[in-house]
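A.B. asks: My structure is in target14.cif, and what it holds is mmCIF, C-alpha atoms:
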data_data
loop_
_atom_site.label_atom_id
_atom_site.label_comp_id
_atom_site.auth_asym_id
_atom_site.auth_seq_id
_atom_site.Cartn_x
_atom_site.Cartn_y
_atom_site.Cartn_z
CA MET A 1 9.11 -4.72 15.74
CA TYR A 2 5.56 -3.89 14.56
CA ARG A 3 3.06 -6.58 15.40
CA ILE A 4 -0.27 -6.97 13.62
CA GLY A 5 -3.01 -9.20 15.02
CA LEU A 6 -4.76 -10.92 12.13
CA ILE A 7 -8.23 -12.33 12.76
CA ARG A 8 -9.26 -15.24 10.54
CA VAL A 9 -13.01 -15.83 10.24
CA PHE A 10 -12.38 -19.26 8.72
CA SER A 11 -12.13 -21.82 11.53
CA THR A 12 -9.36 -24.36 11.25
CA ASP A 13 -7.06 -26.54 13.34
CA ASP A 14 -4.54 -26.64 10.49
CA VAL A 15 -1.74 -24.34 11.61
CA GLU A 16 -0.44 -23.84 8.08
CA LEU A 17 -3.89 -22.77 6.86
CA LEU A 18 -4.46 -20.56 9.92
CA ASN A 19 -1.18 -18.74 9.29
CA ARG A 20 -1.51 -18.56 5.53
CA HIS A 21 -2.78 -14.96 5.34
CA GLY A 22 -0.17 -13.82 7.85
CA ARG A 23 2.66 -15.47 5.91
CA LEU A 24 1.42 -14.02 2.60
CA LEU A 25 1.29 -10.56 4.15
CA GLU A 26 4.74 -10.85 5.72
CA LYS A 27 6.15 -12.03 2.40
CA PHE A 28 4.48 -9.16 0.54
CA ILE A 29 5.56 -6.39 2.93
CA ALA A 30 8.98 -8.02 3.17
CA ARG A 31 10.22 -6.01 6.12
CA PRO A 32 12.05 -7.61 9.03
CA ASP A 33 10.18 -5.31 11.44
CA LEU A 34 6.74 -6.81 10.66
CA GLN A 35 5.33 -9.72 12.60
CA VAL A 36 1.80 -11.03 12.02
CA ILE A 37 0.07 -13.11 14.68
CA SER A 38 -2.95 -15.02 13.38
CA ARG A 39 -5.86 -16.42 15.35
CA CYS A 40 -9.25 -17.69 14.23
CA ILE A 41 -12.76 -17.73 15.65
CA GLU A 42 -14.37 -21.09 16.32
CA GLY A 43 -17.34 -22.75 14.71
CA HIS A 44 -17.10 -21.45 11.14
CA PRO A 45 -15.28 -24.13 9.09
CA GLN A 46 -16.71 -22.77 5.82
CA GLY A 47 -15.95 -19.13 6.56
CA LEU A 48 -18.65 -16.46 6.72
CA TRP A 49 -20.60 -17.12 3.59
CA ASN A 50 -24.03 -15.79 4.54
CA GLN A 51 -25.62 -13.12 6.76
CA GLU A 52 -26.49 -15.62 9.48
CA GLU A 53 -22.89 -16.83 9.78
CA ILE A 54 -21.70 -13.22 9.94
CA ARG A 55 -24.22 -12.32 12.67
CA LYS A 56 -23.11 -15.26 14.81
CA ALA A 57 -19.44 -14.46 14.34
CA ILE A 58 -19.50 -10.83 15.51
CA PRO A 59 -19.29 -11.36 19.30
CA LYS A 60 -16.57 -13.99 18.76
CA ILE A 61 -14.53 -11.53 16.69
CA VAL A 62 -14.85 -8.85 19.37
CA ARG A 63 -13.74 -11.24 22.13
CA LEU A 64 -10.82 -12.53 20.08
CA GLY A 65 -9.66 -9.00 19.18
CA GLN A 66 -9.80 -7.90 22.82
CA GLU A 67 -7.80 -10.96 23.83
CA MET A 68 -5.18 -10.28 21.14
CA GLU A 69 -4.81 -6.66 22.25
CA ARG A 70 -4.35 -7.81 25.85
CA ARG A 71 -2.12 -10.85 25.38
CA ASP A 72 -0.30 -10.55 22.08
CA GLY A 73 0.85 -6.93 22.30
CA VAL A 74 -0.41 -6.06 18.82
CA ALA A 75 -0.20 -2.46 17.55
CA ALA A 76 -3.06 -2.91 15.06
CA LEU A 77 -5.76 -5.48 14.34
CA LEU A 78 -6.75 -6.68 10.87
CA VAL A 79 -10.04 -8.52 10.32
CA SER A 80 -9.20 -10.65 7.32
CA CYS A 81 -12.65 -10.77 5.71
CA ALA A 82 -14.06 -8.40 3.07
CA ALA A 83 -17.42 -8.19 4.87
CA ASP A 84 -15.68 -6.39 7.77
CA PRO A 85 -17.58 -8.55 10.27
CA GLY A 86 -17.39 -7.14 13.79
CA VAL A 87 -15.16 -4.27 12.69
CA PRO A 88 -17.37 -1.42 14.00
CA GLU A 89 -18.00 -3.34 17.24
CA LEU A 90 -14.32 -4.19 17.74
CA ARG A 91 -13.36 -0.53 17.25
CA GLU A 92 -15.50 0.30 20.28
CA ALA A 93 -13.84 -2.44 22.34
CA VAL A 94 -10.09 -1.92 21.82
CA ARG A 95 -7.64 1.00 21.73
CA VAL A 96 -5.47 -0.04 18.78
CA PRO A 97 -6.52 0.77 15.19
CA VAL A 98 -8.78 -1.86 13.62
CA ILE A 99 -8.56 -2.36 9.86
CA GLY A 100 -11.26 -4.23 7.95
CA ALA A 101 -10.15 -5.96 4.76
CA GLY A 102 -13.31 -4.83 2.94
CA SER A 103 -13.34 -1.11 3.70
CA ALA A 104 -9.55 -0.73 3.56
CA SER A 105 -9.13 -2.51 0.21
CA ALA A 106 -12.06 -0.52 -1.19
CA ALA A 107 -10.27 2.66 -0.07
CA VAL A 108 -7.12 1.55 -1.91
CA ALA A 109 -9.18 0.79 -5.04
CA LEU A 110 -10.81 4.23 -4.76
CA SER A 111 -7.37 5.88 -4.68
CA LEU A 112 -6.66 4.76 -8.23
CA GLY A 113 -9.47 7.03 -9.43
CA ARG A 114 -10.89 4.53 -11.89
CA PRO A 115 -14.30 2.83 -12.06
CA VAL A 116 -14.11 -0.19 -9.75
CA GLY A 117 -15.42 -3.66 -10.56
CA ALA A 118 -15.71 -6.01 -7.60
CA LEU A 119 -15.35 -9.77 -7.68
CA GLY A 120 -17.08 -11.34 -4.68
CA ILE A 121 -18.55 -14.64 -3.56
CA THR A 122 -21.82 -13.29 -2.15
CA ASP A 123 -24.82 -12.47 -4.31
CA TRP A 124 -25.27 -9.21 -2.38
CA ILE A 125 -22.88 -6.27 -2.42
CA LEU A 126 -20.94 -6.04 0.82
CA PRO A 127 -21.93 -2.79 2.63
CA PRO A 128 -18.41 -1.77 3.80
CA ILE A 129 -17.34 -1.83 0.15
CA SER A 130 -20.33 0.02 -1.33
CA GLU A 131 -20.14 2.63 1.46
CA VAL A 132 -16.54 3.50 0.56
CA LEU A 133 -16.97 3.33 -3.22
CA GLY A 134 -20.44 4.80 -3.76
CA SER A 135 -20.99 5.49 -7.45
CA ARG A 136 -17.39 4.47 -8.26
CA LEU A 137 -18.51 0.82 -7.97
CA VAL A 138 -19.63 -0.09 -11.48
CA GLY A 139 -20.16 -3.82 -11.11
CA TRP A 140 -20.27 -6.77 -8.73
CA GLU A 141 -19.72 -10.25 -10.09
CA VAL A 142 -19.51 -13.72 -8.57
CA PRO A 143 -17.52 -16.46 -10.34
CA GLU A 144 -19.90 -19.16 -11.56
CA GLY A 145 -20.39 -22.06 -9.17
CA VAL A 146 -18.75 -20.32 -6.20
CA LYS A 147 -20.71 -20.12 -2.93
CA THR A 148 -18.12 -20.33 -0.15
CA THR A 149 -14.48 -19.46 0.24
CA VAL A 150 -13.75 -23.21 0.08
CA ASP A 151 -15.03 -23.32 -3.53
CA LEU A 152 -12.30 -20.87 -4.53
CA MET A 153 -9.66 -23.46 -3.79
CA SER A 154 -10.63 -25.80 -6.65
CA GLU A 155 -8.64 -25.83 -9.90
CA GLN A 156 -11.63 -25.04 -12.10
CA GLY A 157 -12.35 -22.00 -9.91
CA GLN A 158 -9.48 -20.11 -11.59
CA GLU A 159 -11.02 -19.95 -15.06
CA ARG A 160 -14.28 -18.82 -13.50
CA PHE A 161 -12.49 -15.89 -11.78
CA VAL A 162 -11.09 -14.76 -15.09
CA GLU A 163 -14.52 -14.98 -16.79
CA ALA A 164 -16.10 -12.92 -14.02
CA GLY A 165 -13.26 -10.40 -14.26
CA GLU A 166 -13.84 -10.10 -18.02
CA ARG A 167 -17.50 -9.31 -17.34
CA LEU A 168 -16.43 -6.49 -15.01
CA LYS A 169 -14.01 -5.16 -17.60
CA GLY A 170 -16.88 -5.20 -20.11
CA ARG A 171 -18.87 -2.99 -17.73
CA GLY A 172 -16.13 -0.36 -17.74
CA ALA A 173 -14.07 -1.35 -14.71
CA GLY A 174 -10.57 0.15 -14.76
CA VAL A 175 -9.52 -1.64 -11.59
CA ILE A 176 -10.67 -4.94 -10.08
CA LEU A 177 -11.31 -5.23 -6.35
CA LEU A 178 -11.29 -8.76 -4.97
CA ALA A 179 -14.16 -8.67 -2.49
CA CYS A 180 -13.35 -11.85 -0.57
CA THR A 181 -10.09 -12.72 1.17
CA GLY A 182 -10.54 -16.28 -0.07
CA PHE A 183 -9.10 -14.89 -3.33
CA SER A 184 -6.01 -13.90 -1.32
CA THR A 185 -5.66 -17.43 0.07
CA VAL A 186 -5.43 -18.87 -3.44
CA GLU A 187 -3.32 -15.94 -4.73
CA ALA A 188 -5.77 -15.10 -7.50
CA ALA A 189 -4.58 -11.51 -7.99
CA PRO A 190 -1.39 -12.06 -10.05
CA LEU A 191 -3.23 -14.38 -12.47
CA LEU A 192 -6.08 -11.89 -12.88
CA GLU A 193 -3.68 -8.96 -13.41
CA GLU A 194 -1.96 -10.86 -16.16
CA ARG A 195 -5.09 -12.14 -17.87
CA LEU A 196 -7.15 -8.91 -17.59
CA GLY A 197 -4.38 -6.34 -18.04
CA LEU A 198 -5.86 -4.23 -15.23
CA PRO A 199 -4.68 -3.42 -11.71
CA VAL A 200 -6.17 -5.88 -9.21
CA ILE A 201 -6.57 -4.97 -5.55
CA ASP A 202 -6.02 -7.93 -3.23
CA PRO A 203 -8.02 -7.42 -0.02
CA LEU A 204 -5.51 -9.06 2.32
CA LEU A 205 -2.38 -7.42 0.90
CA SER A 206 -3.83 -3.93 0.41
CA ALA A 207 -5.59 -3.83 3.79
CA GLY A 208 -2.52 -5.44 5.38
CA MET A 209 -0.37 -2.65 3.96
CA ILE A 210 -2.60 -0.12 5.73
CA ALA A 211 -2.57 -2.18 8.95
CA TYR A 212 1.22 -2.20 8.78
CA TYR A 213 1.20 1.60 8.36
CA ALA A 214 -1.22 1.95 11.30
CA ALA A 215 1.03 -0.25 13.46
CA ARG A 216 4.27 1.43 12.45
CA GLY A 217 3.29 5.06 12.09
CA ASN A 218 5.66 7.31 10.18
CA ALA A 219 8.92 6.23 11.80
CA MET B 220 12.40 -2.66 -10.27
CA TYR B 221 9.19 -0.65 -9.72
CA ARG B 222 9.53 2.96 -10.75
CA ILE B 223 7.24 5.72 -9.48
CA GLY B 224 7.18 9.13 -11.15
CA LEU B 225 6.75 11.77 -8.47
CA ILE B 226 5.48 15.19 -9.54
CA ARG B 227 6.49 18.10 -7.33
CA VAL B 228 4.30 21.19 -7.56
CA PHE B 229 6.92 23.25 -5.74
CA SER B 230 9.35 24.67 -8.29
CA THR B 231 13.01 24.50 -7.42
CA ASP B 232 16.47 24.28 -8.95
CA ASP B 233 17.80 22.73 -5.76
CA VAL B 234 18.26 19.05 -6.58
CA GLU B 235 18.25 18.01 -2.92
CA LEU B 236 14.92 19.79 -2.34
CA LEU B 237 13.45 18.45 -5.59
CA ASN B 238 14.31 14.89 -4.58
CA ARG B 239 13.38 15.25 -0.93
CA HIS B 240 9.91 13.64 -1.20
CA GLY B 241 11.29 10.83 -3.33
CA ARG B 242 14.09 10.09 -0.87
CA LEU B 243 11.69 10.18 2.10
CA LEU B 244 9.38 7.74 0.33
CA GLU B 245 12.20 5.38 -0.66
CA LYS B 246 13.48 5.42 2.91
CA PHE B 247 10.00 4.73 4.29
CA ILE B 248 9.13 1.86 1.92
CA ALA B 249 12.68 0.57 2.32
CA ARG B 250 12.55 -1.92 -0.54
CA PRO B 251 15.40 -2.30 -3.01
CA ASP B 252 12.86 -2.74 -5.82
CA LEU B 253 11.46 0.80 -5.49
CA GLN B 254 12.87 3.72 -7.43
CA VAL B 255 11.31 7.18 -7.32
CA ILE B 256 12.01 9.70 -10.07
CA SER B 257 11.09 13.28 -9.13
CA ARG B 258 10.40 16.19 -11.44
CA CYS B 259 8.81 19.59 -10.78
CA ILE B 260 6.65 22.00 -12.73
CA GLU B 261 8.04 25.45 -13.42
CA GLY B 262 6.93 28.86 -12.21
CA HIS B 263 5.62 27.99 -8.71
CA PRO B 264 8.45 28.71 -6.24
CA GLN B 265 5.98 28.98 -3.32
CA GLY B 266 4.04 25.85 -4.20
CA LEU B 267 0.31 25.88 -4.94
CA TRP B 268 -1.07 27.95 -2.13
CA ASN B 269 -4.21 29.39 -3.69
CA GLN B 270 -6.83 28.50 -6.31
CA GLU B 271 -5.23 30.70 -8.96
CA GLU B 272 -1.84 28.97 -8.60
CA ILE B 273 -3.57 25.58 -8.82
CA ARG B 274 -5.49 26.55 -11.96
CA LYS B 275 -2.31 27.69 -13.70
CA ALA B 276 -0.44 24.55 -12.70
CA ILE B 277 -2.88 21.98 -14.11
CA PRO B 278 -1.77 21.94 -17.77
CA LYS B 279 1.88 21.89 -16.65
CA ILE B 280 1.21 18.86 -14.45
CA VAL B 281 -0.50 17.03 -17.31
CA ARG B 282 2.40 17.71 -19.69
CA LEU B 283 5.00 16.69 -17.13
CA GLY B 284 3.14 13.45 -16.30
CA GLN B 285 2.83 12.55 -19.98
CA GLU B 286 6.53 13.18 -20.46
CA MET B 287 7.42 11.03 -17.46
CA GLU B 288 5.28 8.16 -18.71
CA ARG B 289 6.96 8.39 -22.11
CA ARG B 290 10.57 8.96 -21.09
CA ASP B 291 11.09 7.69 -17.57
CA GLY B 292 9.34 4.32 -17.85
CA VAL B 293 7.32 4.83 -14.70
CA ALA B 294 4.71 2.26 -13.65
CA ALA B 295 2.68 4.77 -11.61
CA LEU B 296 2.55 8.54 -11.16
CA LEU B 297 2.18 10.31 -7.82
CA VAL B 298 1.14 13.96 -7.67
CA SER B 299 2.75 15.06 -4.43
CA CYS B 300 0.23 17.70 -3.38
CA ALA B 301 -2.84 17.23 -1.16
CA ALA B 302 -5.01 19.34 -3.48
CA ASP B 303 -4.65 16.66 -6.19
CA PRO B 304 -4.01 19.36 -8.80
CA GLY B 305 -4.33 18.01 -12.32
CA VAL B 306 -5.02 14.48 -11.10
CA PRO B 307 -8.36 13.97 -12.92
CA GLU B 308 -6.92 15.56 -16.08
CA LEU B 309 -3.71 13.51 -15.94
CA ARG B 310 -5.72 10.29 -15.55
CA GLU B 311 -7.31 11.03 -18.92
CA ALA B 312 -3.90 11.64 -20.51
CA VAL B 313 -1.80 8.62 -19.44
CA ARG B 314 -2.21 4.86 -19.17
CA VAL B 315 -0.43 4.23 -15.85
CA PRO B 316 -2.29 4.63 -12.53
CA VAL B 317 -2.22 8.20 -11.17
CA ILE B 318 -2.30 8.64 -7.40
CA GLY B 319 -3.12 11.99 -5.81
CA ALA B 320 -1.64 12.61 -2.38
CA GLY B 321 -4.89 14.20 -1.16
CA SER B 322 -7.44 11.57 -2.16
CA ALA B 323 -5.13 8.63 -1.45
CA SER B 324 -4.10 9.79 2.03
CA ALA B 325 -7.75 10.58 2.81
CA ALA B 326 -8.61 7.00 1.79
CA VAL B 327 -5.95 5.66 4.17
CA ALA B 328 -7.31 7.86 6.98
CA LEU B 329 -10.83 6.60 6.21
CA SER B 330 -9.63 2.99 6.57
CA LEU B 331 -8.91 3.51 10.25
CA GLY B 332 -12.64 4.00 10.85
CA ARG B 333 -12.22 6.93 13.20
CA PRO B 334 -13.37 10.54 12.95
CA VAL B 335 -10.73 12.38 10.90
CA GLY B 336 -9.29 15.79 11.72
CA ALA B 337 -7.33 17.44 8.92
CA LEU B 338 -4.43 19.82 9.30
CA GLY B 339 -4.03 21.96 6.18
CA ILE B 340 -2.51 25.22 5.08
CA THR B 341 -5.49 26.52 3.08
CA ASP B 342 -8.47 28.23 4.67
CA TRP B 343 -10.77 26.14 2.47
CA ILE B 344 -11.26 22.38 2.72
CA LEU B 345 -9.59 20.62 -0.20
CA PRO B 346 -12.28 18.94 -2.35
CA PRO B 347 -10.43 15.64 -3.02
CA ILE B 348 -10.23 15.16 0.76
CA SER B 349 -13.81 16.09 1.61
CA GLU B 350 -15.09 13.95 -1.27
CA VAL B 351 -13.40 10.84 0.13
CA LEU B 352 -14.17 11.51 3.79
CA GLY B 353 -17.68 12.99 3.68
CA SER B 354 -19.12 13.14 7.17
CA ARG B 355 -16.06 11.36 8.62
CA LEU B 356 -14.18 14.68 8.39
CA VAL B 357 -14.84 16.35 11.74
CA GLY B 358 -12.49 19.31 11.53
CA TRP B 359 -10.11 21.30 9.36
CA GLU B 360 -7.46 23.42 11.03
CA VAL B 361 -4.61 25.59 9.78
CA PRO B 362 -1.59 26.21 12.02
CA GLU B 363 -1.48 29.88 13.04
CA GLY B 364 0.61 32.10 10.78
CA VAL B 365 0.97 29.52 8.00
CA LYS B 366 -0.02 30.54 4.47
CA THR B 367 2.35 28.68 2.15
CA THR B 368 4.29 25.44 2.28
CA VAL B 369 7.43 27.56 2.79
CA ASP B 370 6.05 28.80 6.16
CA LEU B 371 6.04 25.20 7.43
CA MET B 372 9.81 25.09 7.29
CA SER B 373 10.37 27.61 10.10
CA GLU B 374 11.23 26.43 13.61
CA GLN B 375 8.28 28.15 15.27
CA GLY B 376 5.94 26.39 12.80
CA GLN B 377 6.30 23.14 14.76
CA GLU B 378 4.60 24.35 17.94
CA ARG B 379 1.81 25.77 15.81
CA PHE B 380 1.23 22.34 14.20
CA VAL B 381 0.85 20.78 17.60
CA GLU B 382 -1.60 23.47 18.77
CA ALA B 383 -3.72 22.97 15.63
CA GLY B 384 -3.60 19.20 16.17
CA GLU B 385 -4.79 19.67 19.75
CA ARG B 386 -7.76 21.68 18.46
CA LEU B 387 -8.68 18.79 16.13
CA LYS B 388 -8.37 16.30 18.99
CA GLY B 389 -10.69 18.54 21.01
CA ARG B 390 -13.26 18.26 18.21
CA GLY B 391 -13.24 14.47 18.49
CA ALA B 392 -10.67 13.49 15.87
CA GLY B 393 -9.34 9.95 16.37
CA VAL B 394 -6.85 10.24 13.53
CA ILE B 395 -5.06 13.28 12.08
CA LEU B 396 -4.68 13.69 8.33
CA LEU B 397 -1.95 16.05 7.20
CA ALA B 398 -3.59 17.86 4.31
CA CYS B 399 -0.47 19.38 2.76
CA THR B 400 2.66 17.54 1.61
CA GLY B 401 4.69 20.45 3.01
CA PHE B 402 4.17 18.67 6.35
CA SER B 403 5.89 15.65 4.79
CA THR B 404 8.87 17.76 3.71
CA VAL B 405 9.49 18.85 7.30
CA GLU B 406 8.65 15.37 8.70
CA ALA B 407 5.93 16.73 10.99
CA ALA B 408 4.11 13.40 11.43
CA PRO B 409 6.37 11.64 13.98
CA LEU B 410 6.38 14.74 16.24
CA LEU B 411 2.59 15.05 16.02
CA GLU B 412 2.07 11.34 16.73
CA GLU B 413 4.18 11.62 19.84
CA ARG B 414 2.65 14.85 21.11
CA LEU B 415 -1.00 14.04 20.31
CA GLY B 416 -1.00 10.30 21.00
CA LEU B 417 -3.07 9.70 17.86
CA PRO B 418 -2.29 8.06 14.53
CA VAL B 419 -1.16 10.67 12.00
CA ILE B 420 -1.50 10.08 8.26
CA ASP B 421 1.34 11.60 6.27
CA PRO B 422 0.11 12.45 2.76
CA LEU B 423 3.37 11.66 0.96
CA LEU B 424 4.12 8.38 2.74
CA SER B 425 0.57 7.00 2.76
CA ALA B 426 -0.17 7.96 -0.85
CA GLY B 427 3.32 6.80 -1.82
CA MET B 428 2.58 3.41 -0.28
CA ILE B 429 -0.47 3.11 -2.55
CA ALA B 430 1.52 4.31 -5.57
CA TYR B 431 4.10 1.63 -4.81
CA TYR B 432 1.33 -0.98 -4.65
CA ALA B 433 -0.11 0.31 -7.94
CA ALA B 434 3.33 0.09 -9.58
CA ARG B 435 4.19 -3.32 -8.19
CA GLY B 436 0.89 -5.13 -8.24
CA ASN B 437 0.59 -8.26 -6.12
CA ALA B 438 3.85 -9.92 -7.13
#
Would it be possible to restate this file's structure as structure tokens?

C.D. replies:
Amino acid sequence: MYRIGLIRVFSTDDVELLNRHGRLLEKFIARPDLQVISRCIEGHPQGLWNQEEIRKAIPKIVRLGQEMERRDGVAALLVSCAADPGVPELREAVRVPVIGAGSASAAVALSLGRPVGALGITDWILPPISEVLGSRLVGWEVPEGVKTTVDLMSEQGQERFVEAGERLKGRGAGVILLACTGFSTVEAAPLLEERLGLPVIDPLLSAGMIAYYAARGNA
Amino acid sequence: MYRIGLIRVFSTDDVELLNRHGRLLEKFIARPDLQVISRCIEGHPQGLWNQEEIRKAIPKIVRLGQEMERRDGVAALLVSCAADPGVPELREAVRVPVIGAGSASAAVALSLGRPVGALGITDWILPPISEVLGSRLVGWEVPEGVKTTVDLMSEQGQERFVEAGERLKGRGAGVILLACTGFSTVEAAPLLEERLGLPVIDPLLSAGMIAYYAARGNA
């Protein structure tokens, strides 16, 4: 059994919501040897939607990751946020591999060898993504009216994703990177793939695939 | 069914050897919806072990990839060589995503966020790997006495891999990237993981995982 510790940076008491990323990842990988254990940090009910929220969350992420390594017997940790909050710090604090959804999904997008257009929710480009992609990142768009991960859950959000994706396609993107795991929560990727006719990299599923590889090795 | 076209750059009439990478990848992904079709270029019985061999192989790789897109109904192409020979050219010639074992496995190694040590068979650093890793690449080692992918298949090769891996560990590597898919053929990764106590990125399996994702999408 390969166990991944998944850190949510969206605080919730709702067990179904807490486990949603883990269940989506288990369903996607579809292997009986994968188990995902999800835990969340406290005090961030709207997720990490600005720099101040991210700064405050870092020490909580490090403590939670250390606790999961010690108590849950995880073989890899996945920070399920495209900003990779606390990822460098957590890597210094634990022995198991730590995968950040932002840098890992950007690495998967890079592997396709096409110009990458990113769809985010922040009006700044997330550093772990621009560091991996460099000049391969040809655009960064935010769906209209979206400020927090909670806004992605509304019905009207969906059409706004597609519009923003079309803008990226217009700027020459050959692959779309979803630069917020809130898009994973609402399963935006299949809709966007169909409507845009381009490969879409989901940050939870692509980074989770790498976390699964890190946990399992080559056995 | 998601079909990957796997291009071997090691010429052979031996069907078992031709299909070896494809079978290893199918076994690793272990999903009934994955099918790998393998074909090889002609005229390179020792693989692509120097720049001249690579140069001559490029147009053959492009033609073979085009043919596989047309005839085999593949949803993604995987060039199973860490030098990514013909990968940029093939991307211009087909519509499906093209994954190179070198750049894609380097991207997976990068995602672990640790200094990367690469184990290759060439005495020069492969550009698709150094381009992805930049300053994260802390060492490049070749096992003693190895010049071609065929040399990897000998019994005594194995101890030489481990020695070269130890040298990389001594230079601060926190993850080992196998920079030749000949290591995949002989399944060197599990032995190295065990002996070195570090994560080892297999170029066929890690790049194949991304090719599978590219073929499948987020369904």

A.B. asks: When the PyMOL selection byres ((chain A) within 6 of (chain B)) is applied to the structure above, which residues does it catch, written out as a PDB file with C-alpha atoms, in the frame of the given file?

C.D. replies:
ATOM      1  CA  ILE A  99      -8.560  -2.360   9.860  1.00  0.00           C
ATOM      2  CA  ALA A 104      -9.550  -0.730   3.560  1.00  0.00           C
ATOM      3  CA  ALA A 107     -10.270   2.660  -0.070  1.00  0.00           C
ATOM      4  CA  SER A 111      -7.370   5.880  -4.680  1.00  0.00           C
ATOM      5  CA  LEU A 112      -6.660   4.760  -8.230  1.00  0.00           C
ATOM      6  CA  PRO A 190      -1.390 -12.060 -10.050  1.00  0.00           C
ATOM      7  CA  ASN A 218       5.660   7.310  10.180  1.00  0.00           C
TER       8      ASN A 218
END

A.B. asks: To verify the selection step, state as a ChimeraX atom specification which residues the PyMOL selection byres ((chain A and resi 45-51) around 10) yields on this input.

C.D. replies: /A:8-13,41-44,52-57,81-83,85,121-124,147-151,180,182

A.B. asks: Do you have the atom CA of A:Glu144-atom CA of A:Val116 distance handy?

C.D. replies: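 Taking atom CA of A:Glu144 as the start and atom CA of A:Val116 as the end point, the length is 19.9 Å.
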
A.B. asks: If you count only C-alpha atoms, which residues fall within 10 Å of A:Ser135, apart from same-chain ones fewer than 4 positions away, as a list in words?

C.D. replies: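 Answer for this query is Pro115, Val116, Ser130 and Glu131 of chain A.
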
A.B. asks: On this file, the PyMOL selection byres ((chain B and resi 253) around 7) gives some set of residues; write that set as a list of chain:residue names.

C.D. replies: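 Applied to this file, the PyMOL selection byres ((chain B and resi 253) around 7) returns B:Met220, B:Tyr221, B:Arg222, B:Glu245, B:Arg250, B:Pro251, B:Asp252, B:Gln254, B:Val255.
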